[in-house]
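As stored in my_file-v4.txt (compact mmCIF, C-alpha atoms and all ligand atoms):
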# COMPACT_ATOMS: atom_id res chain seq x y z
CA MET A 1 -21.92 -18.12 5.52
CA LYS A 2 -23.14 -17.74 1.91
CA ILE A 3 -22.41 -14.63 -0.12
CA THR A 4 -25.72 -13.05 -1.10
CA ARG A 5 -24.79 -9.65 -2.55
CA VAL A 6 -21.81 -7.42 -3.33
CA ASP A 7 -21.99 -3.59 -3.28
CA ALA A 8 -19.52 -1.24 -4.95
CA ILE A 9 -20.01 2.29 -3.58
CA PRO A 10 -18.02 5.24 -4.99
CA PHE A 11 -16.93 7.90 -2.53
CA ALA A 12 -14.77 11.03 -2.71
CA ILE A 13 -12.76 12.54 0.14
CA PRO A 14 -10.41 15.45 -0.70
CA TYR A 15 -6.80 15.51 0.40
CA VAL A 16 -5.65 18.44 2.54
CA LYS A 17 -2.19 17.92 1.09
CA PRO A 18 -2.16 16.19 -2.32
CA LEU A 19 0.56 13.54 -2.84
CA ARG A 20 2.83 14.18 -5.84
CA PHE A 21 5.27 11.62 -7.24
CA ALA A 22 6.99 10.78 -10.54
CA SER A 23 4.11 8.84 -12.12
CA GLY A 24 1.18 11.02 -10.97
CA GLU A 25 -0.56 12.92 -8.19
CA VAL A 26 -3.60 12.37 -6.01
CA HIS A 27 -5.84 15.26 -4.88
CA VAL A 28 -9.05 13.42 -3.99
CA ALA A 29 -9.51 9.88 -2.68
CA ASN A 30 -11.99 8.74 -5.34
CA HIS A 31 -12.18 5.21 -3.95
CA VAL A 32 -14.76 2.42 -4.04
CA LEU A 33 -16.13 0.85 -0.86
CA VAL A 34 -16.83 -2.85 -1.47
CA ARG A 35 -19.33 -4.62 0.79
CA VAL A 36 -19.91 -8.36 0.75
CA HIS A 37 -23.27 -9.36 2.27
CA THR A 38 -24.00 -12.84 3.64
CA ASP A 39 -27.10 -14.86 4.43
CA THR A 40 -26.49 -14.49 8.19
CA GLY A 41 -26.57 -10.69 7.98
CA VAL A 42 -22.78 -10.31 8.42
CA VAL A 43 -21.27 -7.73 6.02
CA GLY A 44 -17.57 -7.63 5.12
CA VAL A 45 -16.01 -4.33 3.99
CA ALA A 46 -12.86 -3.19 2.16
CA GLU A 47 -11.86 -0.34 -0.16
CA ALA A 48 -10.44 -0.22 -3.70
CA PRO A 49 -8.23 2.80 -4.60
CA PRO A 50 -8.08 3.27 -8.40
CA ARG A 51 -4.60 4.16 -9.64
CA PRO A 52 -4.94 4.63 -13.43
CA PHE A 53 -1.32 5.80 -13.78
CA THR A 54 -0.07 2.52 -12.34
CA TYR A 55 -2.61 -0.24 -13.02
CA GLY A 56 -5.09 1.31 -15.45
CA GLU A 57 -8.09 1.02 -13.11
CA THR A 58 -10.63 3.84 -12.71
CA GLN A 59 -13.40 4.36 -10.13
CA ASP A 60 -16.10 3.68 -12.77
CA GLY A 61 -14.22 0.65 -14.05
CA ILE A 62 -13.93 -0.86 -10.57
CA ILE A 63 -17.67 -0.42 -9.97
CA THR A 64 -18.52 -1.95 -13.35
CA VAL A 65 -16.25 -4.98 -13.02
CA VAL A 66 -17.50 -5.69 -9.47
CA ASN A 67 -21.18 -5.32 -10.40
CA THR A 68 -21.19 -7.02 -13.78
CA ILE A 69 -18.51 -9.73 -13.53
CA PHE A 70 -17.29 -10.40 -9.97
CA ALA A 71 -20.60 -10.27 -8.05
CA PRO A 72 -22.45 -12.70 -10.35
CA ALA A 73 -19.41 -15.03 -10.26
CA ILE A 74 -19.25 -15.32 -6.46
CA VAL A 75 -22.82 -14.92 -5.14
CA GLY A 76 -23.83 -18.29 -3.69
CA LEU A 77 -20.28 -19.30 -2.64
CA THR A 78 -19.47 -19.52 1.08
CA LEU A 79 -16.92 -17.38 2.90
CA LEU A 80 -14.71 -20.47 3.27
CA GLU A 81 -14.38 -20.94 -0.50
CA ARG A 82 -11.81 -18.17 -0.87
CA GLU A 83 -9.69 -20.13 -3.34
CA VAL A 84 -12.76 -20.67 -5.53
CA VAL A 85 -13.42 -16.93 -5.36
CA ALA A 86 -9.78 -16.25 -6.32
CA ALA A 87 -10.00 -18.64 -9.28
CA ARG A 88 -13.23 -17.04 -10.52
CA LEU A 89 -11.87 -13.49 -10.17
CA ALA A 90 -8.70 -14.60 -11.99
CA ARG A 91 -10.75 -15.32 -15.12
CA THR A 92 -10.74 -11.54 -15.61
CA ILE A 93 -7.37 -10.06 -16.53
CA GLY A 94 -5.98 -7.13 -14.50
CA ASN A 95 -8.26 -5.15 -12.14
CA PRO A 96 -6.01 -5.74 -9.10
CA ALA A 97 -7.63 -3.20 -6.74
CA ALA A 98 -11.17 -4.42 -7.53
CA LYS A 99 -10.19 -8.08 -6.98
CA SER A 100 -8.31 -7.23 -3.78
CA ALA A 101 -11.21 -5.32 -2.24
CA VAL A 102 -13.61 -8.22 -2.92
CA ASP A 103 -11.11 -10.69 -1.42
CA MET A 104 -10.47 -8.60 1.72
CA ALA A 105 -14.18 -7.91 2.27
CA ILE A 106 -14.72 -11.70 2.24
CA TRP A 107 -11.96 -12.17 4.84
CA ASP A 108 -13.55 -9.38 6.92
CA ALA A 109 -16.93 -11.12 6.77
CA LEU A 110 -15.31 -14.47 7.67
CA GLY A 111 -13.53 -12.95 10.69
CA LYS A 112 -16.73 -11.28 11.85
CA THR A 113 -18.62 -14.56 11.40
CA LEU A 114 -16.05 -16.55 13.42
CA GLY A 115 -15.51 -13.77 16.00
CA LEU A 116 -11.77 -13.63 15.14
CA PRO A 117 -9.43 -10.81 14.04
CA VAL A 118 -8.20 -11.31 10.46
CA GLY A 119 -4.61 -10.48 11.56
CA ASP A 120 -4.75 -13.53 13.85
CA MET A 121 -6.37 -15.72 11.20
CA LEU A 122 -3.60 -14.85 8.73
CA GLY A 123 -0.67 -15.48 11.07
CA GLY A 124 -0.94 -13.45 14.28
CA PHE A 125 2.78 -12.65 14.50
CA THR A 126 2.41 -9.26 16.24
CA ASP A 127 -0.17 -6.61 17.09
CA ARG A 128 1.70 -3.62 15.60
CA LEU A 129 3.78 -2.23 12.78
CA ARG A 130 6.33 0.55 12.83
CA VAL A 131 5.15 3.32 10.49
CA SER A 132 7.08 4.70 7.53
CA HIS A 133 5.89 8.05 6.14
CA MET A 134 6.00 8.93 2.44
CA LEU A 135 7.25 12.43 1.55
CA GLY A 136 5.79 13.57 -1.79
CA PHE A 137 7.36 16.15 -4.11
CA ALA A 138 7.64 19.65 -2.66
CA GLU A 139 10.28 22.27 -1.98
CA PRO A 140 13.14 20.76 0.09
CA ALA A 141 12.37 22.99 3.10
CA LYS A 142 8.71 21.88 3.07
CA MET A 143 9.67 18.20 2.90
CA VAL A 144 12.02 18.62 5.86
CA ALA A 145 9.30 20.52 7.78
CA GLU A 146 6.83 17.70 7.08
CA ALA A 147 9.30 15.13 8.39
CA GLU A 148 9.82 17.25 11.52
CA LYS A 149 6.06 17.31 12.10
CA MET A 150 5.85 13.53 11.67
CA VAL A 151 8.68 12.92 14.14
CA GLU A 152 7.26 15.34 16.71
CA THR A 153 3.56 14.52 16.40
CA TYR A 154 3.58 10.79 15.67
CA GLY A 155 7.06 9.57 16.63
CA ILE A 156 7.61 8.36 13.04
CA ARG A 157 11.31 7.75 12.32
CA THR A 158 11.28 6.12 8.88
CA PHE A 159 10.75 8.15 5.72
CA LYS A 160 10.34 7.17 2.09
CA VAL A 161 11.30 10.10 -0.10
CA LYS A 162 9.67 10.35 -3.52
CA VAL A 163 12.32 10.91 -6.20
CA GLY A 164 12.43 10.68 -10.00
CA ARG A 165 12.41 14.40 -10.91
CA HIS A 166 14.75 16.22 -13.27
CA PRO A 167 17.40 17.34 -12.73
CA VAL A 168 18.33 14.46 -10.45
CA GLY A 169 20.00 16.91 -8.03
CA LEU A 170 16.57 18.29 -7.10
CA ASP A 171 15.78 15.05 -5.28
CA THR A 172 19.22 14.16 -3.98
CA ALA A 173 19.31 17.61 -2.31
CA VAL A 174 16.12 16.77 -0.41
CA VAL A 175 17.49 13.44 0.82
CA ARG A 176 20.73 15.15 1.88
CA ALA A 177 18.79 17.90 3.70
CA LEU A 178 16.80 15.26 5.59
CA ARG A 179 19.92 13.33 6.61
CA GLU A 180 21.66 16.55 7.70
CA ARG A 181 18.64 17.65 9.75
CA PHE A 182 18.03 14.32 11.54
CA GLY A 183 21.37 12.47 11.43
CA ALA A 184 21.11 8.81 12.49
CA GLU A 185 17.76 9.49 14.19
CA ILE A 186 15.79 8.44 11.09
CA GLU A 187 15.75 5.71 8.45
CA LEU A 188 15.59 6.95 4.85
CA TYR A 189 14.85 5.31 1.52
CA VAL A 190 13.81 6.54 -1.92
CA ASP A 191 11.08 5.64 -4.43
CA GLY A 192 11.38 6.80 -8.06
CA ASN A 193 8.07 5.48 -9.48
CA ARG A 194 10.01 4.78 -12.73
CA GLY A 195 10.85 8.47 -13.20
CA TRP A 196 14.54 8.09 -14.01
CA THR A 197 16.49 6.10 -16.55
CA ALA A 198 18.85 3.43 -15.27
CA ALA A 199 21.82 5.76 -15.86
CA GLU A 200 20.16 8.67 -14.00
CA SER A 201 19.32 6.30 -11.17
CA ALA A 202 22.92 5.10 -10.94
CA ARG A 203 24.15 8.70 -10.85
CA ALA A 204 21.66 9.67 -8.15
CA MET A 205 22.51 6.65 -6.02
CA LYS A 206 26.22 7.49 -6.33
CA GLU A 207 25.48 11.06 -5.23
CA MET A 208 23.62 9.70 -2.19
CA SER A 209 26.13 6.96 -1.34
CA ASP A 210 27.10 8.67 1.94
CA LEU A 211 23.48 9.11 3.11
CA ASP A 212 22.96 5.64 4.58
CA LEU A 213 19.87 4.70 2.56
CA LEU A 214 17.89 1.65 3.62
CA PHE A 215 16.45 0.80 0.18
CA ALA A 216 15.91 2.17 -3.32
CA GLU A 217 12.51 1.48 -4.92
CA GLU A 218 11.43 1.32 -8.56
CA LEU A 219 13.85 4.07 -9.67
CA CYS A 220 13.55 3.16 -13.36
CA ASP A 221 11.24 1.14 -15.59
CA ALA A 222 11.43 -2.66 -15.35
CA ALA A 223 10.69 -2.70 -19.09
CA ASP A 224 14.29 -1.49 -19.60
CA VAL A 225 15.36 -5.02 -18.77
CA MET A 226 19.13 -4.85 -19.23
CA GLY A 227 19.41 -1.30 -17.89
CA ARG A 228 17.68 -2.24 -14.68
CA ARG A 229 19.82 -5.36 -14.17
CA TRP A 230 22.89 -3.20 -14.73
CA LEU A 231 21.64 -0.72 -12.12
CA VAL A 232 20.68 -3.30 -9.49
CA GLU A 233 24.02 -5.09 -9.85
CA GLN A 234 25.94 -1.98 -8.76
CA LEU A 235 23.76 -1.02 -5.77
CA ASP A 236 24.79 -1.80 -2.22
CA VAL A 237 21.21 -1.54 -0.88
CA PRO A 238 18.20 -3.75 -1.68
CA PHE A 239 16.23 -2.57 -4.73
CA ILE A 240 12.48 -2.82 -4.09
CA ALA A 241 10.16 -3.82 -6.93
CA ASP A 242 6.75 -2.22 -6.40
CA GLU A 243 4.54 -1.53 -9.42
CA SER A 244 6.63 -3.97 -11.48
CA VAL A 245 5.44 -6.91 -9.32
CA PRO A 246 1.62 -6.87 -9.28
CA THR A 247 1.46 -10.71 -9.20
CA PRO A 248 3.51 -13.54 -7.64
CA ALA A 249 4.70 -14.53 -11.14
CA ASP A 250 6.10 -11.00 -11.61
CA VAL A 251 7.91 -11.32 -8.28
CA THR A 252 9.51 -14.56 -9.47
CA ARG A 253 10.58 -13.01 -12.79
CA GLU A 254 11.97 -9.80 -11.30
CA ILE A 255 13.90 -11.52 -8.50
CA LEU A 256 15.25 -14.48 -10.49
CA GLY A 257 16.10 -12.09 -13.34
CA ARG A 258 18.16 -10.04 -10.83
CA SER A 259 16.36 -6.80 -11.70
CA ALA A 260 15.11 -6.41 -8.11
CA THR A 261 16.28 -7.73 -4.75
CA ALA A 262 13.30 -6.88 -2.49
CA ILE A 263 9.55 -6.36 -2.91
CA SER A 264 6.70 -4.18 -1.76
CA ILE A 265 3.51 -6.02 -0.79
CA LYS A 266 0.38 -3.86 -1.11
CA THR A 267 -2.88 -5.35 0.10
CA ALA A 268 -4.71 -2.85 -2.13
CA ARG A 269 -3.07 -4.68 -5.07
CA THR A 270 -3.02 -8.33 -3.95
CA GLY A 271 -5.65 -8.50 -1.19
CA PHE A 272 -5.01 -11.05 1.57
CA THR A 273 -5.22 -14.25 -0.47
CA THR A 274 -2.63 -13.31 -3.10
CA SER A 275 -0.51 -11.26 -0.65
CA ARG A 276 -0.16 -14.44 1.39
CA ARG A 277 1.16 -16.25 -1.69
CA THR A 278 3.57 -13.38 -2.37
CA HIS A 279 4.74 -13.41 1.25
CA HIS A 280 5.48 -17.15 1.16
CA LEU A 281 7.30 -16.70 -2.14
CA ALA A 282 9.44 -13.87 -0.69
CA GLU A 283 10.24 -16.02 2.32
CA GLY A 284 11.32 -18.86 0.05
CA LEU A 285 13.43 -16.53 -2.08
CA GLY A 286 14.98 -14.95 1.02
CA ILE A 287 14.25 -11.32 0.11
CA PRO A 288 13.19 -8.31 2.21
CA VAL A 289 9.56 -7.18 2.16
CA VAL A 290 8.12 -3.74 2.84
CA MET A 291 4.39 -3.26 3.36
CA GLY A 292 3.56 -0.59 0.78
CA ASN A 293 0.75 1.94 0.47
CA GLN A 294 -1.35 2.50 -2.65
CA ILE A 295 -2.35 5.87 -1.19
CA ASP A 296 -4.94 4.09 0.91
CA GLY A 297 -7.57 5.63 3.14
CA GLN A 298 -8.04 4.32 6.67
CA VAL A 299 -10.01 1.27 5.52
CA GLY A 300 -7.13 0.24 3.23
CA THR A 301 -4.55 1.09 5.89
CA ALA A 302 -6.32 -1.18 8.40
CA CYS A 303 -6.08 -3.94 5.75
CA ALA A 304 -2.33 -3.40 5.27
CA LEU A 305 -1.87 -3.38 9.05
CA ALA A 306 -3.81 -6.64 9.50
CA PHE A 307 -1.70 -8.38 6.86
CA GLY A 308 1.66 -6.83 7.72
CA SER A 309 1.36 -7.65 11.41
CA ALA A 310 0.49 -11.27 10.64
CA PHE A 311 4.03 -12.40 9.65
CA GLU A 312 7.59 -11.86 10.85
CA LEU A 313 8.88 -11.00 7.36
CA THR A 314 6.23 -8.34 6.71
CA SER A 315 6.65 -6.71 10.13
CA ARG A 316 10.47 -6.54 10.12
CA TYR A 317 10.64 -3.13 8.44
CA ALA A 318 8.40 -0.12 8.97
CA GLY A 319 5.21 -0.30 6.86
CA GLU A 320 3.94 2.60 4.76
CA LEU A 321 0.78 3.29 6.73
CA SER A 322 0.44 7.04 7.06
CA ASN A 323 -0.89 8.44 3.76
CA PHE A 324 -4.35 8.77 5.35
CA LEU A 325 -2.96 11.58 7.53
CA ASP A 326 -3.10 13.87 4.49
CA MET A 327 -6.85 13.31 3.90
CA SER A 328 -9.42 15.85 5.09
CA ASP A 329 -11.59 13.12 6.66
CA ASP A 330 -12.27 9.37 6.46
CA LEU A 331 -15.02 6.80 6.90
CA LEU A 332 -14.26 5.08 10.22
CA THR A 333 -16.18 5.43 13.48
CA GLU A 334 -12.84 5.27 15.35
CA PRO A 335 -9.99 6.88 13.37
CA LEU A 336 -6.65 5.05 13.26
CA GLN A 337 -4.12 6.55 15.69
CA ILE A 338 -0.36 6.47 15.16
CA ARG A 339 1.31 6.41 18.58
CA ASP A 340 5.06 6.48 19.21
CA GLY A 341 5.72 5.65 15.57
CA HIS A 342 3.49 2.56 15.55
CA LEU A 343 0.03 1.54 14.41
CA TYR A 344 -1.63 -1.13 16.54
CA ARG A 345 -4.21 -3.40 15.05
CA SER A 346 -7.63 -3.75 16.56
CA THR A 347 -8.59 -6.90 18.46
CA ALA A 348 -12.14 -6.69 17.08
CA PRO A 349 -13.38 -9.50 14.83
CA GLY A 350 -12.71 -9.07 11.11
CA ILE A 351 -10.16 -6.59 9.81
CA GLY A 352 -11.02 -4.45 12.82
CA PHE A 353 -12.81 -1.25 11.79
CA GLU A 354 -16.36 0.03 11.52
CA VAL A 355 -17.58 2.35 8.77
CA ASP A 356 -19.57 5.32 10.10
CA PRO A 357 -22.90 5.32 8.18
CA GLU A 358 -23.21 9.13 8.39
CA LYS A 359 -19.75 9.64 6.93
CA LEU A 360 -20.44 7.18 4.13
CA GLU A 361 -23.67 9.04 3.39
CA ARG A 362 -21.77 12.34 3.29
CA TYR A 363 -18.96 11.19 0.99
CA ARG A 364 -20.64 8.66 -1.32
CA THR A 365 -21.13 10.05 -4.79
CA ASP A 366 -23.87 7.72 -6.09
CA ASN A 367 -26.80 9.31 -4.23
C1 LIG A 401 4.33 3.97 -4.06
O1 LIG A 401 4.96 3.26 -3.28
O2 LIG A 401 4.69 3.98 -5.21
C2 LIG A 401 2.40 5.89 -5.67
C3 LIG A 401 1.81 5.31 -6.74
C4 LIG A 401 1.20 4.13 -6.31
O3 LIG A 401 0.58 3.30 -6.97
O4 LIG A 401 1.45 3.95 -4.99
C5 LIG A 401 2.10 5.09 -4.48
C6 LIG A 401 3.18 4.80 -3.54
MG MG A 402 6.44 2.60 -4.85

Would you kindly transcribe this structure into structure tokens?
Ligand code: MUC
Ligand code: MG
Amino acid sequence: MKITRVDAIPFAIPYVKPLRFASGEVHVANHVLVRVHTDTGVVGVAEAPPRPFTYGETQDGIITVVNTIFAPAIVGLTLLEREVVAARLARTIGNPAAKSAVDMAIWDALGKTLGLPVGDMLGGFTDRLRVSHMLGFAEPAKMVAEAEKMVETYGIRTFKVKVGRHPVGLDTAVVRALRERFGAEIELYVDGNRGWTAAESARAMKEMSDLDLLFAEELCDAADVMGRRWLVEQLDVPFIADESVPTPADVTREILGRSATAISIKTARTGFTTSRRTHHLAEGLGIPVVMGNQIDGQVGTACALAFGSAFELTSRYAGELSNFLDMSDDLLTEPLQIRDGHLYRSTAPGIGFEVDPEKLERYRTDN
């Protein structure tokens, strides 16, 4: 069960439909596949999606920090020493996606070693999550057409609409068009990726007050401390902190400071070990949790599914698990399938996926 080697492999898979949102856009999944090798021949796998516009990480930076700092710090430890791994990774500031991929690859290797699914090892609450689909910026008619396709093809009935554009009416019109098209058939919430000011957010939320929104997420910057508290105080729906809560300490500050009332847990950002801490904290604070998506490929989506299905609190709401649908291809031998609005986790040992060696060969960019 000893860690013998860690690989960090860059790969690039283009998106058929790029995702556009207030803080950036993604056209190609330039991710890093992290593999943790052990002395018994078991290999654990996870992926790190760099999001420079949110966390400052780049594909090259992830590879460098894994190869030069993380791998030397953890080779020789066993798969059971996950808290020692976490403490050693924590000596380096930032780098959330790189740390998370190393952590989840270790859990994958441990599950494979023990013959147990990671979702069961973490909590085993359920075998499925309802799926929420993210609608990126486009013309209103196109966003409605995309939602129609998701309802018809996959049975998805929860949509997160990206907002944060100017003028504010551009986005509120889309949300209104969606509600008018689907009525009570769908759940709707909005994510601003810090695109609006607190005052613009308040105006937009007032404009949408009759649209039965489930949540509002990160509409304005948490750095505008008083403005955000002022906004959150007047909302009648939970306000989700996403990129403003990359660590459990940030969750504590945002929630106790009353500048958020719910959180997004992203396994791409906090792996399994820290996501578990965040989950327990959210449970103790009594706040809603949504499983978020860092524009993950299928490897990352399988990770979010394993974690989200492990606990009652993380499986209560639909999880954001469908961004991979917009990619032109992926790495798995058996692609994830959304059926009747749900993703079901695999019962295979580990996180529950296999990487297809031919696909990895085709998409890796280091050969
Ligand atoms: C989200 O929920 O914000 C967009 C940027 C990012 O880091 O994640 C996505 C989705
Ligand atoms: Mg978000």

task: Just the residues within 9 Å of A:Ala306, please, counting all atoms listed in the file, with nothing from its chain fewer than 2 positions along; format it as an MDAnalysis selection string.
output: chainID A and resid 117:120 122 124 127:128 301:304 308:310 345:346 351:352

Non-local contacts of A:Gly284 (12 Å; only C-alpha atoms; under 6 positions in same chain excluded) as an mmCIF file with C-alpha atoms, in the coordinates of the input:
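Saved to part.cif:
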data_model
loop_
_atom_site.group_PDB
_atom_site.id
_atom_site.type_symbol
_atom_site.label_atom_id
_atom_site.label_comp_id
_atom_site.auth_asym_id
_atom_site.auth_seq_id
_atom_site.Cartn_x
_atom_site.Cartn_y
_atom_site.Cartn_z
ATOM 1 C CA VAL A 251 7.910 -11.320 -8.280
ATOM 2 C CA THR A 252 9.510 -14.560 -9.470
ATOM 3 C CA ILE A 255 13.900 -11.520 -8.500
ATOM 4 C CA ARG A 277 1.160 -16.250 -1.690
ATOM 5 C CA THR A 278 3.570 -13.380 -2.370
ATOM 6 C CA LEU A 313 8.880 -11.000 7.360
#

task: List all protein, DNA and RNA residues that have any atom at most 12 Å from ligand MG 402 (chain A), counting only C-alpha atoms and all ligand atoms, and write the list as a PyMOL selection string.
output: chain A and resi 21-24+54+134-136+160-164+189-195+215-221+239-246+262-266+269+290-295+320

- prompt: What gap, in Å, lies between atom CA of A:Thr4 and atom CA of A:His37?
  reply: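 Straight-line distance from atom CA of A:Thr4 to atom CA of A:His37 works out to 5.6 Å.
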
- prompt: Which value, in Å to one decimal, gives the distance between atom CA of A:Leu89 and atom CA of A:Arg5?
  reply: 15.5 Å

- request: Give the answer as one residue: which of A:Gly111, A:Pro18, A:Pro349, A:Gly169 has the shortest atom-to-atom distance to ligand LIG 401 (chain A), using all atoms listed in the file?
  value: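 Closest to ligand LIG 401 (chain A) of all the choices is A:Pro18.
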
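The coordinates place atom CA of A:Thr58 at 9.0 Å from atom CA of A:Asn30.
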
task: Tell me which protein, DNA and RNA residues are within 12 Å of A:Leu211, counting all atoms listed in the file, leaving out same-chain ones fewer than 2 positions away, and put them as a ChimeraX atom specification.
output: /A:172-184,186-190,204-209,213-215,237

Complete the atom set of stretch 94-102 of chain A to all heavy atoms and return it as a PDB file, keeping the file's coordinate frame.
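Output file rebuild38.pdb is given in full below:
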ATOM      1  N   GLY A  94      -6.203  -8.448 -15.113  1.00  0.00           N
ATOM      2  CA  GLY A  94      -5.980  -7.130 -14.500  1.00  0.00           C
ATOM      3  C   GLY A  94      -6.936  -6.843 -13.352  1.00  0.00           C
ATOM      4  O   GLY A  94      -7.291  -7.731 -12.596  1.00  0.00           O
ATOM      5  N   ASN A  95      -7.338  -5.582 -13.201  1.00  0.00           N
ATOM      6  CA  ASN A  95      -8.260  -5.150 -12.140  1.00  0.00           C
ATOM      7  C   ASN A  95      -7.805  -5.529 -10.722  1.00  0.00           C
ATOM      8  O   ASN A  95      -8.590  -6.040  -9.923  1.00  0.00           O
ATOM      9  CB  ASN A  95      -9.667  -5.729 -12.403  1.00  0.00           C
ATOM     10  CG  ASN A  95     -10.306  -5.145 -13.639  1.00  0.00           C
ATOM     11  OD1 ASN A  95     -10.839  -4.044 -13.603  1.00  0.00           O
ATOM     12  ND2 ASN A  95     -10.208  -5.863 -14.746  1.00  0.00           N
ATOM     13  N   PRO A  96      -6.527  -5.267 -10.404  1.00  0.00           N
ATOM     14  CA  PRO A  96      -6.010  -5.740  -9.100  1.00  0.00           C
ATOM     15  C   PRO A  96      -6.713  -5.125  -7.891  1.00  0.00           C
ATOM     16  O   PRO A  96      -6.978  -5.843  -6.919  1.00  0.00           O
ATOM     17  CB  PRO A  96      -4.526  -5.357  -9.134  1.00  0.00           C
ATOM     18  CG  PRO A  96      -4.415  -4.272 -10.153  1.00  0.00           C
ATOM     19  CD  PRO A  96      -5.465  -4.575 -11.177  1.00  0.00           C
ATOM     20  N   ALA A  97      -7.020  -3.827  -7.933  1.00  0.00           N
ATOM     21  CA  ALA A  97      -7.630  -3.200  -6.740  1.00  0.00           C
ATOM     22  C   ALA A  97      -9.055  -3.708  -6.537  1.00  0.00           C
ATOM     23  O   ALA A  97      -9.487  -3.946  -5.398  1.00  0.00           O
ATOM     24  CB  ALA A  97      -7.606  -1.683  -6.865  1.00  0.00           C
ATOM     25  N   ALA A  98      -9.799  -3.905  -7.642  1.00  0.00           N
ATOM     26  CA  ALA A  98     -11.170  -4.420  -7.530  1.00  0.00           C
ATOM     27  C   ALA A  98     -11.166  -5.840  -6.967  1.00  0.00           C
ATOM     28  O   ALA A  98     -11.939  -6.166  -6.051  1.00  0.00           O
ATOM     29  CB  ALA A  98     -11.838  -4.398  -8.920  1.00  0.00           C
ATOM     30  N   LYS A  99     -10.277  -6.690  -7.471  1.00  0.00           N
ATOM     31  CA  LYS A  99     -10.190  -8.080  -6.980  1.00  0.00           C
ATOM     32  C   LYS A  99      -9.794  -8.100  -5.500  1.00  0.00           C
ATOM     33  O   LYS A  99     -10.330  -8.870  -4.708  1.00  0.00           O
ATOM     34  CB  LYS A  99      -9.129  -8.852  -7.769  1.00  0.00           C
ATOM     35  CG  LYS A  99      -9.545  -9.199  -9.184  1.00  0.00           C
ATOM     36  CD  LYS A  99      -8.375  -9.840  -9.925  1.00  0.00           C
ATOM     37  CE  LYS A  99      -8.777 -10.181 -11.358  1.00  0.00           C
ATOM     38  NZ  LYS A  99      -7.624 -10.544 -12.198  1.00  0.00           N
ATOM     39  N   SER A 100      -8.824  -7.233  -5.155  1.00  0.00           N
ATOM     40  CA  SER A 100      -8.310  -7.230  -3.780  1.00  0.00           C
ATOM     41  C   SER A 100      -9.386  -6.804  -2.789  1.00  0.00           C
ATOM     42  O   SER A 100      -9.494  -7.374  -1.699  1.00  0.00           O
ATOM     43  CB  SER A 100      -7.111  -6.288  -3.671  1.00  0.00           C
ATOM     44  OG  SER A 100      -6.083  -6.744  -4.514  1.00  0.00           O
ATOM     45  N   ALA A 101     -10.170  -5.792  -3.164  1.00  0.00           N
ATOM     46  CA  ALA A 101     -11.210  -5.320  -2.240  1.00  0.00           C
ATOM     47  C   ALA A 101     -12.262  -6.409  -2.024  1.00  0.00           C
ATOM     48  O   ALA A 101     -12.714  -6.622  -0.892  1.00  0.00           O
ATOM     49  CB  ALA A 101     -11.852  -4.035  -2.783  1.00  0.00           C
ATOM     50  N   VAL A 102     -12.632  -7.124  -3.076  1.00  0.00           N
ATOM     51  CA  VAL A 102     -13.610  -8.220  -2.920  1.00  0.00           C
ATOM     52  C   VAL A 102     -13.014  -9.286  -1.987  1.00  0.00           C
ATOM     53  O   VAL A 102     -13.662  -9.753  -1.042  1.00  0.00           O
ATOM     54  CB  VAL A 102     -13.971  -8.835  -4.297  1.00  0.00           C
ATOM     55  CG1 VAL A 102     -14.780 -10.114  -4.133  1.00  0.00           C
ATOM     56  CG2 VAL A 102     -14.741  -7.812  -5.148  1.00  0.00           C
TER      57      VAL A 102
END
